[in-house]
Amino acid sequence: MPWWDLESLSGVRNLRIIFQDVSSKTLKPTELPLIEHQNEEDMTREVQLGSHTFKSHGVTVARTHRHDWLIFLLLVLIEIILNIIHPFYRFVGKDMMTDLKYPLKSNTIPVWAVPLYAVVLPVAIILVVYFRRRDVYDLHHAILGLLYSVLVTAVITDAIKDAVGRPRPDFFWRCFPDGKDFYDALGNVICHGSKSVIKEGHKSFPSGHTSWSFAGLGFLSLYLSGKIQAFDRRGHVAKLCIVFLPILFASLVAISRVDDYWHHWQDVFAGGLLGLIVATFCYLQFFPPPYHAEGWGPYAYFRVLEESRGANTANQAIAPAMEPQFENQQEESSDGFMGLHLAPNSNPTLEDIELGK
């Protein structure tokens with residue numbers, strides 16, 4: 001072997017030894033700079049939040065919950081049917097009219113306004129949160145949970161209305177618009193008012209306005225309490241003002257139903273309780289409790305985050321196993337220096353014999 005080849009080989013080996021010594025040294029944890037792992041986790045979460053948008057994952061998420069949306073459409077159909085059919089016309093005697101002679105008034109909160117503040121307003125706030133955090137799981141699950149909260153409450157409310165048929169406090173003037181009352185032989189009323197007004201007069205229990213309000217705004221209250229981390233044990237009691245604001249508005253709606261003489265107090269109490277219970281069930285179906293450490297995001301987001309972490313951990317475990325093979329390949333292919341390459345186990349005599357020289 002020529003002398004320059006030996007010198008080049010020795011140079012390569014010396015460099016390799018130096019690099020191996022440097023790479024084999026590992027810093028102890030005490031030698032590493034101080035790193036706040038919580039900040040790293042928060043940064044990772046923020047990156048993950050921006051990587052699941054409506055454009056990239058919206059169709060996939062909706063397709064995963066296609067059965068939920070089909071059931072939602074079925075509930076809409078059931079709600080329409082419940083409003084078409086007639087309620088139970090309960091017996092109303094003359095002596096019962098004492099509590100049913102309140103004046104017939106118009107609604108302080110019109111019927112068309114209920115979906116606006118109970119559904120449209122929460123959806124608008126959810127959209128604002130989405131444009132801030134870019135998490136399609138939060139957007140989809142919050143809207144789906146809200147719609148289910150309101151619609152399930154509406155179906156239960158109207159089903160009970162039709163089954164109970166309790167007269168409203170202003171039933172007398174619905175049944176007898178001219179003030180002249182008539183009764184049959186059994187003492188039951190013989191109404192001569194408008195059929196649609198009489199039909200509505202038998203739907204007192206429970207209050208639909210109240211149940212819708214507490215279902216939609218109650219869900220919004222739970223959603224906001226999770227997003228602002230109202231129960232993070234840091235004592236920021238002012239956050240509760242934001243949490244209680246939707247509940248306060250729903251309570252005022254309930255009070256207006258009694259003030260308008262459209263409902264008895266038991267009707268609004270039952271409607272509010274029903275709406276809050278359904279809203280809580282629907283919220284917890286998609287989100288952790290607001291007092292939980294991860295209450296600010298949906299279950300689906302944390303599940304995807306854990307899956308991505310598991311994939312990264314698996315890749316990190318595979319990488320060290322691949323390094324020895326990669327180093328062996330480098331050793332076999334790097335037996336050269338400055339353009340001079342050495343053939344492994346080169347023996348001119350044997351090569352000449354094999355070539356027939």
# chains A, B, ... in the order shown; residues from 1 in each chain; ligands from 1
>>> select_by_dssp(residues="segment 65-113 of chain A", states="helix (DSSP H, G or I)", output="PDB file with C-alpha atoms, in the first residue's frame")
ATOM      1  CA  ARG A  66     -72.428  11.249  10.955  1.00  0.00           C
ATOM      2  CA  HIS A  67     -74.702   9.031  13.051  1.00  0.00           C
ATOM      3  CA  ASP A  68     -75.057  11.807  15.611  1.00  0.00           C
ATOM      4  CA  TRP A  69     -76.134  14.208  12.879  1.00  0.00           C
ATOM      5  CA  LEU A  70     -78.634  11.675  11.511  1.00  0.00           C
ATOM      6  CA  ILE A  71     -80.177  11.268  14.961  1.00  0.00           C
ATOM      7  CA  PHE A  72     -80.247  15.050  15.215  1.00  0.00           C
ATOM      8  CA  LEU A  73     -82.369  15.245  12.075  1.00  0.00           C
ATOM      9  CA  LEU A  74     -84.662  12.585  13.498  1.00  0.00           C
ATOM     10  CA  LEU A  75     -85.095  14.661  16.654  1.00  0.00           C
ATOM     11  CA  VAL A  76     -86.018  17.674  14.511  1.00  0.00           C
ATOM     12  CA  LEU A  77     -88.747  15.595  12.867  1.00  0.00           C
ATOM     13  CA  ILE A  78     -90.041  14.422  16.252  1.00  0.00           C
ATOM     14  CA  GLU A  79     -90.126  18.006  17.520  1.00  0.00           C
ATOM     15  CA  ILE A  80     -92.198  19.086  14.509  1.00  0.00           C
ATOM     16  CA  ILE A  81     -94.678  16.260  15.108  1.00  0.00           C
ATOM     17  CA  LEU A  82     -94.999  17.131  18.801  1.00  0.00           C
ATOM     18  CA  ASN A  83     -95.965  20.683  17.881  1.00  0.00           C
ATOM     19  CA  ILE A  84     -98.561  19.538  15.340  1.00  0.00           C
ATOM     20  CA  LYS A  94    -115.826  25.925  37.125  1.00  0.00           C
ATOM     21  CA  ASP A  95    -114.264  25.953  40.590  1.00  0.00           C
ATOM     22  CA  MET A  96    -110.816  25.545  39.002  1.00  0.00           C
ATOM     23  CA  MET A  97    -111.186  28.752  37.031  1.00  0.00           C
ATOM     24  CA  THR A  98    -110.320  30.853  40.075  1.00  0.00           C
ATOM     25  CA  ASP A  99    -106.594  30.320  39.400  1.00  0.00           C
ATOM     26  CA  LEU A 100    -106.969  30.521  35.610  1.00  0.00           C
ATOM     27  CA  VAL A 111     -91.069  32.933  20.392  1.00  0.00           C
ATOM     28  CA  TRP A 112     -88.824  33.813  17.448  1.00  0.00           C
ATOM     29  CA  ALA A 113     -86.286  35.430  19.797  1.00  0.00           C
TER      30      ALA A 113
END
>>> residues_around(residues="Gly187 of chain A", least_positions_apart="5", cutoff="9 Å", atoms="only C-alpha atoms", output="PDB file with all heavy atoms, in the first residue's frame")
ATOM      1  N   PHE A  91    -109.518  17.955  32.154  1.00  0.00           N
ATOM      2  CA  PHE A  91    -110.788  18.426  32.709  1.00  0.00           C
ATOM      3  C   PHE A  91    -110.561  19.741  33.463  1.00  0.00           C
ATOM      4  O   PHE A  91    -109.652  19.847  34.286  1.00  0.00           O
ATOM      5  CB  PHE A  91    -111.375  17.375  33.659  1.00  0.00           C
ATOM      6  CG  PHE A  91    -112.617  17.810  34.364  1.00  0.00           C
ATOM      7  CD1 PHE A  91    -113.866  17.607  33.775  1.00  0.00           C
ATOM      8  CD2 PHE A  91    -112.555  18.438  35.606  1.00  0.00           C
ATOM      9  CE1 PHE A  91    -115.021  18.009  34.413  1.00  0.00           C
ATOM     10  CE2 PHE A  91    -113.709  18.847  36.256  1.00  0.00           C
ATOM     11  CZ  PHE A  91    -114.938  18.631  35.656  1.00  0.00           C
ATOM     12  N   VAL A  92    -111.367  20.719  33.139  1.00  0.00           N
ATOM     13  CA  VAL A  92    -111.278  22.021  33.805  1.00  0.00           C
ATOM     14  C   VAL A  92    -112.685  22.395  34.268  1.00  0.00           C
ATOM     15  O   VAL A  92    -113.569  22.703  33.447  1.00  0.00           O
ATOM     16  CB  VAL A  92    -110.720  23.109  32.868  1.00  0.00           C
ATOM     17  CG1 VAL A  92    -110.611  24.437  33.619  1.00  0.00           C
ATOM     18  CG2 VAL A  92    -109.366  22.699  32.301  1.00  0.00           C
ATOM     19  N   GLY A  93    -112.892  22.341  35.577  1.00  0.00           N
ATOM     20  CA  GLY A  93    -114.210  22.667  36.141  1.00  0.00           C
ATOM     21  C   GLY A  93    -114.329  24.143  36.483  1.00  0.00           C
ATOM     22  O   GLY A  93    -113.356  24.909  36.439  1.00  0.00           O
ATOM     23  N   LYS A  94    -115.552  24.524  36.836  1.00  0.00           N
ATOM     24  CA  LYS A  94    -115.826  25.925  37.125  1.00  0.00           C
ATOM     25  C   LYS A  94    -115.072  26.415  38.349  1.00  0.00           C
ATOM     26  O   LYS A  94    -114.567  27.543  38.389  1.00  0.00           O
ATOM     27  CB  LYS A  94    -117.336  26.119  37.315  1.00  0.00           C
ATOM     28  CG  LYS A  94    -117.731  27.583  37.479  1.00  0.00           C
ATOM     29  CD  LYS A  94    -119.254  27.729  37.519  1.00  0.00           C
ATOM     30  CE  LYS A  94    -119.638  29.207  37.601  1.00  0.00           C
ATOM     31  NZ  LYS A  94    -121.124  29.382  37.585  1.00  0.00           N
ATOM     32  N   PHE A 182    -119.230  28.512  29.705  1.00  0.00           N
ATOM     33  CA  PHE A 182    -120.213  27.442  29.536  1.00  0.00           C
ATOM     34  C   PHE A 182    -119.576  26.123  29.951  1.00  0.00           C
ATOM     35  O   PHE A 182    -118.375  25.903  29.735  1.00  0.00           O
ATOM     36  CB  PHE A 182    -120.687  27.357  28.084  1.00  0.00           C
ATOM     37  CG  PHE A 182    -121.382  28.595  27.598  1.00  0.00           C
ATOM     38  CD1 PHE A 182    -120.681  29.590  26.922  1.00  0.00           C
ATOM     39  CD2 PHE A 182    -122.748  28.779  27.822  1.00  0.00           C
ATOM     40  CE1 PHE A 182    -121.320  30.725  26.471  1.00  0.00           C
ATOM     41  CE2 PHE A 182    -123.393  29.924  27.372  1.00  0.00           C
ATOM     42  CZ  PHE A 182    -122.669  30.903  26.697  1.00  0.00           C
TER      43      PHE A 182
END
>>> closest_residue(among="A:Trp265, A:Tyr89, A:Tyr223, A:Phe172", to="Pro298 of chain A", atoms="only C-alpha atoms")
A:Tyr223
>>> residues_around(residues="segment 246-254 of chain A", least_positions_apart="3", cutoff="9 Å", atoms="only C-alpha atoms", output="JSON list (two decimals) with N, CA and C atoms, in the first residue's frame")
[["chain", "number", "residue", "atom", "x", "y", "z"],
["A", 108, "THR", "N", -93.48, 38.88, 26.49],
["A", 108, "THR", "CA", -92.38, 39.84, 26.60],
["A", 108, "THR", "C", -91.20, 39.40, 25.74],
["A", 109, "ILE", "N", -90.90, 38.12, 25.78],
["A", 109, "ILE", "CA", -89.87, 37.52, 24.92],
["A", 109, "ILE", "C", -90.58, 36.75, 23.82],
["A", 118, "ALA", "N", -80.62, 31.58, 22.45],
["A", 118, "ALA", "CA", -80.32, 30.26, 23.01],
["A", 118, "ALA", "C", -79.44, 29.42, 22.09],
["A", 207, "SER", "N", -92.38, 24.98, 31.12],
["A", 207, "SER", "CA", -92.21, 26.17, 30.29],
["A", 207, "SER", "C", -91.18, 25.92, 29.19],
["A", 209, "HIS", "N", -90.08, 28.26, 26.91],
["A", 209, "HIS", "CA", -89.13, 29.38, 26.90],
["A", 209, "HIS", "C", -88.00, 29.14, 27.92],
["A", 210, "THR", "N", -88.40, 28.71, 29.12],
["A", 210, "THR", "CA", -87.43, 28.53, 30.19],
["A", 210, "THR", "C", -86.49, 27.37, 29.92],
["A", 211, "SER", "N", -87.05, 26.25, 29.48],
["A", 211, "SER", "CA", -86.21, 25.07, 29.24],
["A", 211, "SER", "C", -85.23, 25.32, 28.10],
["A", 212, "TRP", "N", -85.69, 25.95, 27.02],
["A", 212, "TRP", "CA", -84.79, 26.31, 25.92],
["A", 212, "TRP", "C", -83.69, 27.26, 26.40],
["A", 213, "SER", "N", -84.08, 28.25, 27.20],
["A", 213, "SER", "CA", -83.12, 29.24, 27.66],
["A", 213, "SER", "C", -82.03, 28.60, 28.52],
["A", 214, "PHE", "N", -82.41, 27.76, 29.45],
["A", 214, "PHE", "CA", -81.42, 27.13, 30.32],
["A", 214, "PHE", "C", -80.63, 26.05, 29.59],
["A", 216, "GLY", "N", -79.72, 26.19, 26.25],
["A", 216, "GLY", "CA", -78.72, 26.87, 25.42],
["A", 216, "GLY", "C", -77.75, 27.71, 26.20],
["A", 217, "LEU", "N", -78.28, 28.57, 27.07],
["A", 217, "LEU", "CA", -77.41, 29.45, 27.85],
["A", 217, "LEU", "C", -76.69, 28.71, 28.97],
["A", 218, "GLY", "N", -77.31, 27.65, 29.48],
["A", 218, "GLY", "CA", -76.61, 26.82, 30.46],
["A", 218, "GLY", "C", -75.42, 26.12, 29.84],
["A", 220, "LEU", "N", -73.77, 27.29, 27.27],
["A", 220, "LEU", "CA", -72.81, 28.36, 27.06],
["A", 220, "LEU", "C", -72.06, 28.70, 28.35],
["A", 221, "SER", "N", -72.75, 28.70, 29.46],
["A", 221, "SER", "CA", -72.10, 28.98, 30.74],
["A", 221, "SER", "C", -71.04, 27.94, 31.07],
["A", 242, "ILE", "N", -68.64, 36.18, 34.43],
["A", 242, "ILE", "CA", -68.84, 35.74, 33.05],
["A", 242, "ILE", "C", -69.64, 34.44, 33.02],
["A", 243, "VAL", "N", -69.38, 33.57, 33.99],
["A", 243, "VAL", "CA", -70.07, 32.28, 34.02],
["A", 243, "VAL", "C", -71.55, 32.46, 34.34],
["A", 257, "ARG", "N", -91.95, 34.80, 32.03],
["A", 257, "ARG", "CA", -93.06, 33.89, 31.68],
["A", 257, "ARG", "C", -94.13, 33.90, 32.77],
["A", 258, "VAL", "N", -93.71, 34.08, 34.01],
["A", 258, "VAL", "CA", -94.68, 34.18, 35.11],
["A", 258, "VAL", "C", -95.34, 35.55, 35.11],
["A", 259, "ASP", "N", -94.55, 36.58, 34.81],
["A", 259, "ASP", "CA", -95.10, 37.94, 34.78],
["A", 259, "ASP", "C", -96.10, 38.12, 33.65],
["A", 265, "TRP", "N", -95.52, 29.17, 38.47],
["A", 265, "TRP", "CA", -94.12, 29.13, 38.91],
["A", 265, "TRP", "C", -93.55, 27.72, 38.84],
["A", 268, "VAL", "N", -92.01, 27.08, 35.25],
["A", 268, "VAL", "CA", -90.69, 27.63, 34.95],
["A", 268, "VAL", "C", -89.60, 26.94, 35.78],
["A", 269, "PHE", "N", -89.94, 26.53, 36.99],
["A", 269, "PHE", "CA", -88.96, 25.82, 37.82],
["A", 269, "PHE", "C", -88.59, 24.49, 37.18],
["A", 271, "GLY", "N", -89.01, 23.67, 34.01],
["A", 271, "GLY", "CA", -88.34, 23.92, 32.73],
["A", 271, "GLY", "C", -86.88, 24.29, 32.89],
["A", 272, "GLY", "N", -86.58, 25.14, 33.87],
["A", 272, "GLY", "CA", -85.20, 25.52, 34.11],
["A", 272, "GLY", "C", -84.36, 24.34, 34.56]]
>>> atom_distance(atom1="atom CA of Ser204 of chain A", atom2="atom CA of Leu121 of chain A")
26.4 Å
>>> atom_distance(atom1="atom CA of Trp296 of chain A", atom2="atom CA of Cys241 of chain A")
17.6 Å
